[in-house]
>>> print(open('entry29.txt').read())   # compact mmCIF, C-alpha atoms
# COMPACT_ATOMS: atom_id res chain seq x y z
CA MET A 244 321.89 -113.94 132.59
CA SER A 245 318.94 -113.78 134.99
CA PHE A 246 315.78 -112.62 133.25
CA THR A 247 314.12 -109.49 134.52
CA PRO A 248 310.48 -108.68 133.69
CA LEU A 249 309.93 -106.64 130.53
CA SER A 250 307.27 -104.02 129.85
CA PHE A 251 305.54 -102.98 126.64
CA GLU A 252 303.95 -99.71 125.58
CA PHE A 253 300.90 -99.21 123.35
CA PHE A 254 298.90 -96.25 122.09
CA PRO A 255 295.08 -96.11 122.10
CA PRO A 256 293.63 -97.43 118.81
CA ARG A 257 291.31 -95.04 117.00
CA THR A 258 289.02 -97.68 115.47
CA GLU A 259 287.38 -100.93 116.49
CA GLU A 260 289.57 -102.71 113.94
CA GLY A 261 292.63 -101.23 115.61
CA ARG A 262 291.33 -102.36 118.98
CA ARG A 263 290.92 -105.93 117.68
CA LYS A 264 294.44 -105.90 116.24
CA LEU A 265 295.87 -104.58 119.50
CA ALA A 266 294.17 -107.42 121.38
CA ILE A 267 296.10 -109.87 119.18
CA THR A 268 299.34 -107.94 119.77
CA ARG A 269 298.80 -108.03 123.54
CA LYS A 270 298.15 -111.77 123.44
CA GLN A 271 301.38 -112.34 121.50
CA LEU A 272 303.42 -110.25 123.93
CA SER A 273 301.78 -111.72 127.04
CA GLN A 274 303.85 -114.88 126.51
CA TYR A 275 306.88 -112.94 127.79
CA GLN A 276 305.16 -112.51 131.17
CA PRO A 277 305.42 -108.72 131.18
CA GLU A 278 305.63 -106.75 134.39
CA TYR A 279 303.00 -104.45 132.87
CA PHE A 280 301.56 -103.01 129.67
CA SER A 281 301.45 -99.21 129.48
CA CYS A 282 299.25 -96.99 127.32
CA THR A 283 300.00 -93.49 126.13
CA TYR A 284 297.78 -90.58 127.08
CA GLY A 285 295.49 -88.44 125.00
CA ALA A 286 294.75 -85.00 126.42
CA GLY A 287 291.48 -84.54 124.48
CA GLY A 288 288.16 -86.12 125.44
CA THR A 289 288.01 -88.82 122.75
CA THR A 290 291.68 -89.78 122.97
CA ARG A 291 291.51 -89.84 126.77
CA ALA A 292 288.55 -92.21 126.51
CA GLY A 293 290.71 -94.35 124.22
CA THR A 294 293.39 -94.55 126.90
CA LEU A 295 290.82 -95.57 129.50
CA GLN A 296 289.36 -98.22 127.16
CA THR A 297 292.81 -99.66 126.38
CA ILE A 298 293.73 -99.76 130.07
CA THR A 299 290.43 -101.59 130.78
CA ASP A 300 291.17 -104.08 127.98
CA ILE A 301 294.66 -104.72 129.40
CA MET A 302 293.27 -105.37 132.88
CA ASN A 303 290.62 -107.69 131.44
CA ASP A 304 293.49 -109.70 129.94
CA GLY A 305 294.82 -110.20 133.46
CA VAL A 306 297.94 -108.07 132.91
CA ALA A 307 298.97 -105.15 135.13
CA ALA A 308 298.25 -101.82 133.43
CA ALA A 309 300.16 -98.55 133.65
CA PRO A 310 298.32 -95.55 132.15
CA HIS A 311 300.35 -92.56 131.06
CA LEU A 312 299.20 -89.27 132.53
CA ALA A 313 300.28 -85.92 131.05
CA CYS A 314 299.62 -82.86 133.19
CA ILE A 315 300.38 -79.79 131.05
CA GLY A 316 297.28 -77.64 130.65
CA ALA A 317 295.30 -79.62 133.25
CA SER A 318 294.07 -78.50 136.65
CA ARG A 319 294.91 -80.25 139.89
CA ALA A 320 291.23 -81.18 140.26
CA GLU A 321 291.14 -82.71 136.78
CA MET A 322 294.23 -84.82 137.44
CA THR A 323 293.00 -85.87 140.89
CA SER A 324 289.66 -86.99 139.45
CA LEU A 325 291.32 -89.11 136.77
CA LEU A 326 293.74 -90.61 139.29
CA GLN A 327 290.81 -91.48 141.56
CA THR A 328 289.19 -93.28 138.61
CA TYR A 329 292.36 -95.32 138.11
CA LYS A 330 292.60 -96.08 141.82
CA ASP A 331 288.98 -97.25 141.83
CA MET A 332 289.85 -99.57 138.92
CA GLY A 333 292.58 -101.16 141.03
CA ILE A 334 295.49 -99.65 139.11
CA HIS A 335 298.70 -99.18 141.08
CA HIS A 336 301.10 -97.92 138.39
CA ILE A 337 301.17 -94.48 136.71
CA VAL A 338 303.59 -93.06 134.12
CA ALA A 339 303.66 -89.37 135.09
CA LEU A 340 304.62 -86.95 132.32
CA ARG A 341 304.50 -83.27 131.48
CA GLY A 342 303.23 -83.96 127.98
CA ASP A 343 303.28 -81.81 124.87
CA VAL A 344 302.19 -78.22 125.32
CA PRO A 345 298.75 -77.78 123.68
CA SER A 346 298.37 -74.90 121.26
CA GLY A 347 297.16 -71.79 123.03
CA VAL A 348 298.42 -72.89 126.44
CA GLY A 349 301.21 -70.72 127.79
CA PHE A 350 303.30 -71.35 130.85
CA GLY A 351 301.45 -68.57 132.65
CA HIS A 352 298.25 -70.61 133.09
CA GLN A 353 297.10 -71.73 136.51
CA GLY A 354 297.21 -75.50 135.97
CA LEU A 355 300.03 -77.98 136.35
CA ARG A 356 303.12 -77.20 134.26
CA TYR A 357 305.80 -79.78 135.00
CA ALA A 358 305.98 -83.50 135.70
CA ASN A 359 307.49 -82.96 139.15
CA GLU A 360 304.30 -81.07 140.09
CA LEU A 361 302.22 -84.04 138.95
CA VAL A 362 304.39 -86.46 140.93
CA GLY A 363 304.01 -84.24 144.01
CA LEU A 364 300.22 -84.11 143.54
CA ILE A 365 299.98 -87.90 143.29
CA ARG A 366 301.99 -88.36 146.48
CA GLN A 367 300.01 -85.67 148.31
CA GLU A 368 296.59 -87.02 147.35
CA PHE A 369 297.21 -90.78 147.14
CA GLY A 370 300.24 -91.47 149.31
CA ASP A 371 302.01 -94.66 148.24
CA TRP A 372 299.04 -96.19 146.40
CA PHE A 373 300.67 -95.63 143.00
CA HIS A 374 304.07 -96.70 141.72
CA ILE A 375 305.10 -93.56 139.84
CA GLU A 376 307.27 -93.84 136.76
CA VAL A 377 308.73 -90.75 135.09
CA ALA A 378 310.56 -90.01 131.85
CA ALA A 379 314.35 -89.78 131.49
CA TYR A 380 316.31 -88.37 128.55
CA PRO A 381 319.87 -89.75 128.28
CA GLU A 382 320.42 -87.52 125.23
CA PHE A 383 318.43 -84.69 126.86
CA HIS A 384 314.96 -83.37 126.14
CA PRO A 385 314.87 -81.44 122.85
CA GLN A 386 313.22 -78.47 124.60
CA SER A 387 315.65 -78.29 127.51
CA ARG A 388 317.71 -75.14 127.81
CA SER A 389 320.86 -77.11 128.59
CA ALA A 390 322.06 -80.56 129.62
CA GLU A 391 322.42 -79.34 133.21
CA ASP A 392 318.91 -77.93 133.24
CA ASP A 393 317.48 -81.21 131.93
CA ILE A 394 319.27 -83.27 134.58
CA ASN A 395 318.02 -80.88 137.26
CA HIS A 396 314.45 -81.39 136.01
CA PHE A 397 314.90 -85.16 136.29
CA VAL A 398 316.30 -84.90 139.81
CA ARG A 399 313.32 -82.76 140.87
CA LYS A 400 310.90 -85.44 139.62
CA CYS A 401 312.72 -88.06 141.66
CA GLN A 402 312.81 -85.88 144.77
CA ALA A 403 309.05 -85.31 144.39
CA GLY A 404 308.48 -89.05 144.83
CA ALA A 405 309.08 -90.99 141.61
CA ASN A 406 309.76 -94.72 142.05
CA SER A 407 311.42 -95.43 138.70
CA ALA A 408 312.02 -93.97 135.24
CA ILE A 409 311.77 -95.00 131.60
CA THR A 410 314.15 -93.43 129.11
CA GLN A 411 313.50 -92.00 125.71
CA TYR A 412 314.81 -94.51 123.18
CA PHE A 413 318.45 -94.30 122.13
CA PHE A 414 320.98 -96.26 120.09
CA ASN A 415 324.09 -95.15 121.97
CA THR A 416 324.37 -97.14 125.20
CA ASP A 417 327.14 -94.86 126.49
CA SER A 418 324.56 -92.06 126.81
CA TYR A 419 322.40 -94.28 129.00
CA PHE A 420 325.21 -95.38 131.32
CA TRP A 421 326.55 -91.83 131.54
CA PHE A 422 323.09 -90.54 132.49
CA VAL A 423 322.64 -93.21 135.20
CA ASP A 424 326.06 -92.44 136.67
CA GLU A 425 325.39 -88.69 136.56
CA VAL A 426 322.08 -88.79 138.42
CA GLN A 427 323.39 -91.34 140.91
CA SER A 428 326.18 -88.90 141.74
CA ARG A 429 323.38 -86.46 142.68
CA GLY A 430 321.74 -88.90 145.06
CA VAL A 431 319.16 -90.41 142.68
CA ASN A 432 319.10 -94.21 142.92
CA ILE A 433 315.76 -95.22 141.44
CA PRO A 434 315.74 -97.85 138.65
CA ILE A 435 316.17 -96.21 135.23
CA ILE A 436 314.78 -98.52 132.56
CA PRO A 437 315.97 -98.19 128.95
CA GLY A 438 313.23 -97.48 126.43
CA ILE A 439 313.73 -99.61 123.31
CA MET A 440 312.52 -98.73 119.80
CA PRO A 441 312.57 -101.53 117.20
CA ILE A 442 313.50 -100.39 113.68
CA ALA A 443 310.86 -101.15 111.06
CA SER A 444 311.22 -98.16 108.75
CA PHE A 445 314.06 -95.69 108.34
CA SER A 446 311.77 -92.80 107.33
CA LYS A 447 309.54 -93.25 110.38
CA LEU A 448 312.52 -93.66 112.69
CA ALA A 449 314.14 -90.51 111.32
CA ARG A 450 310.91 -88.56 111.80
CA PHE A 451 310.41 -89.81 115.37
CA SER A 452 314.03 -89.13 116.24
CA GLU A 453 313.92 -85.59 114.89
CA THR A 454 310.89 -84.86 117.06
CA CYS A 455 312.08 -86.41 120.30
CA GLY A 456 315.78 -85.62 120.09
CA ALA A 457 317.03 -89.22 119.87
CA GLU A 458 320.27 -89.51 117.91
CA ILE A 459 320.64 -92.08 115.15
CA PRO A 460 324.40 -92.75 114.99
CA ARG A 461 325.92 -91.71 111.67
CA TRP A 462 326.99 -95.23 110.71
CA LEU A 463 323.51 -96.60 111.39
CA ARG A 464 321.75 -93.75 109.59
CA LEU A 465 323.90 -94.16 106.46
CA LYS A 466 323.55 -97.93 106.49
CA LEU A 467 319.76 -97.72 106.77
CA GLN A 468 319.61 -95.05 104.06
CA SER A 469 321.64 -97.26 101.75
CA TYR A 470 318.85 -99.86 101.79
CA ALA A 471 316.37 -97.32 100.34
CA ASP A 472 313.02 -99.18 100.08
CA ASP A 473 314.45 -102.61 100.90
CA THR A 474 312.25 -103.12 103.96
CA ALA A 475 313.50 -106.64 104.66
CA SER A 476 317.14 -105.48 104.90
CA ILE A 477 316.17 -102.52 107.10
CA LYS A 478 314.32 -104.81 109.50
CA ALA A 479 317.13 -107.39 109.51
CA LEU A 480 319.77 -104.78 110.34
CA GLY A 481 317.48 -103.20 112.92
CA LEU A 482 316.91 -106.54 114.64
CA ASP A 483 320.65 -107.19 114.85
CA VAL A 484 321.48 -103.70 116.15
CA VAL A 485 318.67 -103.45 118.68
CA THR A 486 319.06 -107.01 119.99
CA GLU A 487 322.80 -106.53 120.51
CA MET A 488 322.13 -103.24 122.28
CA CYS A 489 319.51 -104.83 124.57
CA ASP A 490 321.84 -107.69 125.43
CA HIS A 491 324.63 -105.23 126.27
CA LEU A 492 322.31 -103.12 128.44
CA LEU A 493 321.12 -106.13 130.43
CA GLN A 494 324.61 -107.58 130.78
CA GLN A 495 325.85 -104.24 132.13
CA GLY A 496 323.14 -103.96 134.74
CA ALA A 497 320.11 -102.25 133.22
CA PRO A 498 317.19 -103.15 135.52
CA SER A 499 314.74 -104.06 132.73
CA LEU A 500 313.69 -103.10 129.20
CA HIS A 501 310.62 -101.12 128.10
CA PHE A 502 309.60 -101.63 124.47
CA TYR A 503 307.88 -98.98 122.36
CA THR A 504 305.80 -101.42 120.33
CA LEU A 505 303.85 -99.00 118.09
CA ASN A 506 301.06 -101.59 118.62
CA GLN A 507 303.00 -104.24 116.65
CA ALA A 508 304.29 -107.51 118.12
CA GLY A 509 306.49 -108.95 115.37
CA LEU A 510 309.85 -107.20 115.78
CA VAL A 511 309.51 -106.95 119.56
CA SER A 512 308.79 -110.67 119.81
CA THR A 513 311.83 -111.53 117.70
CA ILE A 514 314.09 -109.36 119.89
CA CYS A 515 312.70 -110.96 123.06
CA GLN A 516 313.22 -114.45 121.67
CA ARG A 517 316.77 -113.64 120.59
CA LEU A 518 317.45 -112.41 124.14
CA GLY A 519 316.28 -115.76 125.45
CA TYR A 520 312.89 -114.75 126.82
>>> encode(input="entry29.txt", output="structure tokens")
Amino acid sequence: MSFTPLSFEFFPPRTEEGRRKLAITRKQLSQYQPEYFSCTYGAGGTTRAGTLQTITDIMNDGVAAAPHLACIGASRAEMTSLLQTYKDMGIHHIVALRGDVPSGVGFGHQGLRYANELVGLIRQEFGDWFHIEVAAYPEFHPQSRSAEDDINHFVRKCQAGANSAITQYFFNTDSYFWFVDEVQSRGVNIPIIPGIMPIASFSKLARFSETCGAEIPRWLRLKLQSYADDTASIKALGLDVVTEMCDHLLQQGAPSLHFYTLNQAGLVSTICQRLGY
């Protein structure tokens, strides 16, 4: 198997201690020569500053950085200003998202509403300066009206100028390959990179999955539940399941892997090592 570059996602730490710990995590994961590190986006002032700080720290490490940018509830001027800041920093990679709808913001407001509008804005204002990555949902976005509607949303983002996509995490590889085939049949041929979630805790995984619409297969859910508070067994099973899934994805042609690290290096490192990285 030829090794393709991996990427790793972090969230902005809220404390200086968290920032120090994340620096250690980044150093541990840098050994896998990542294509980039990404950082999730906070819509509020303090959390947005956290994203900017984390992106600066990543660049100071000498690793390419990809800030997430969520547009819902923001004006075109606000997004353009932030994008100009990133351009001035020398950043060439943006993860363009709609984001969660803030309380009190309806879809009748005058700002940006959908990710395809953000992608279009980036292309209009900055040409090809940025590599634009968008989100994909092999098991469909939990707020989509239908599977067809969700696929149409994805196609619109690609037509607006997206270069590649990262999926929501999943544990059913058939959903990923079906999604890729489906959008390719509609003329979309950008790389679609599987998002990978290591399993450290069943309760946290169940909570995340309920929120984002990712299915935990029945056999895996029951097996994890059977371990109750046996954290070591949960992690061991999770490592086996996720590593096997990653190997299958790469063997069958997935262009890369994007790990949701939750700012922890341990499980991700073990999976990468088992894959031969």
>>> atom_distance(input="entry29.txt", atom1="atom CA of A:His491", atom2="atom CA of A:Ser428")
22.5 Å
>>> atom_distance(input="entry29.txt", atom1="atom CA of A:Asp371", atom2="atom CA of A:Leu493")
28.5 Å
>>> residues_around(input="entry29.txt", residues="stretch 309-319 of chain A", least_positions_apart="2", cutoff="8 Å", atoms="only C-alpha atoms", output="PyMOL selection string")
chain A and resi 279-284+286+294-295+298+307+321-323+334-345+348+352-358+361+364
>>> residues_around(input="entry29.txt", residues="A:Gln276", least_positions_apart="2", cutoff="8 Å", atoms="all atoms listed in the file", output="PyMOL selection string")
chain A and resi 248-249+272-274+278
>>> closest_residue(input="entry29.txt", among="A:Ile477, A:Met488, A:Val398, A:Ala449", to="A:Glu425", atoms="only C-alpha atoms")
A:Val398
>>> atom_distance(input="entry29.txt", atom1="atom CA of A:Asn303", atom2="atom CA of A:Ser499")
24.4 Å
>>> residues_around(input="entry29.txt", residues="A:Gly363", least_positions_apart="4", cutoff="8 Å", atoms="only C-alpha atoms", output="PDB file with C-alpha atoms, keeping the file's coordinate frame")
ATOM      1  CA  ASN A 359     307.490 -82.960 139.150  1.00  0.00           C
ATOM      2  CA  GLN A 367     300.010 -85.670 148.310  1.00  0.00           C
ATOM      3  CA  ALA A 403     309.050 -85.310 144.390  1.00  0.00           C
ATOM      4  CA  GLY A 404     308.480 -89.050 144.830  1.00  0.00           C
TER       5      GLY A 404
END
>>> axis_aligned_box(input="entry29.txt", around="stretch 458-477 of chain A", padding_each_side="8 Å", output="lines of an AutoDock Vina configuration file")
center_x = 319.6
center_y = -98.1
center_z = 109.0
size_x = 30.7
size_y = 33.1
size_z = 33.8
>>> residues_around(input="entry29.txt", residues="A:Phe422", least_positions_apart="2", cutoff="12 Å", atoms="all atoms listed in the file", output="ChimeraX atom specification")
/A:379-383,390-391,393-395,397-398,408,410-411,413,415-420,424-429,431-432,435-437
>>> closest_residue(input="entry29.txt", among="A:Gly481, A:Gly430, A:Gly333, A:Gly370", to="A:Ser444", atoms="all atoms listed in the file")
A:Gly481
>>> closest_residue(input="entry29.txt", among="A:Ala308, A:Trp372, A:Pro441, A:Thr474", to="A:Ile514", atoms="all atoms listed in the file")
A:Pro441
>>> residues_around(input="entry29.txt", residues="A:Ala508", least_positions_apart="6", cutoff="8 Å", atoms="all atoms listed in the file", output="NGL selection string")
:A and (268-269 or 271-272)
>>> closest_residue(input="entry29.txt", among="A:Ala378, A:Ala471, A:Ile439, A:Ala292", to="A:Tyr412", atoms="all atoms listed in the file")
A:Ile439
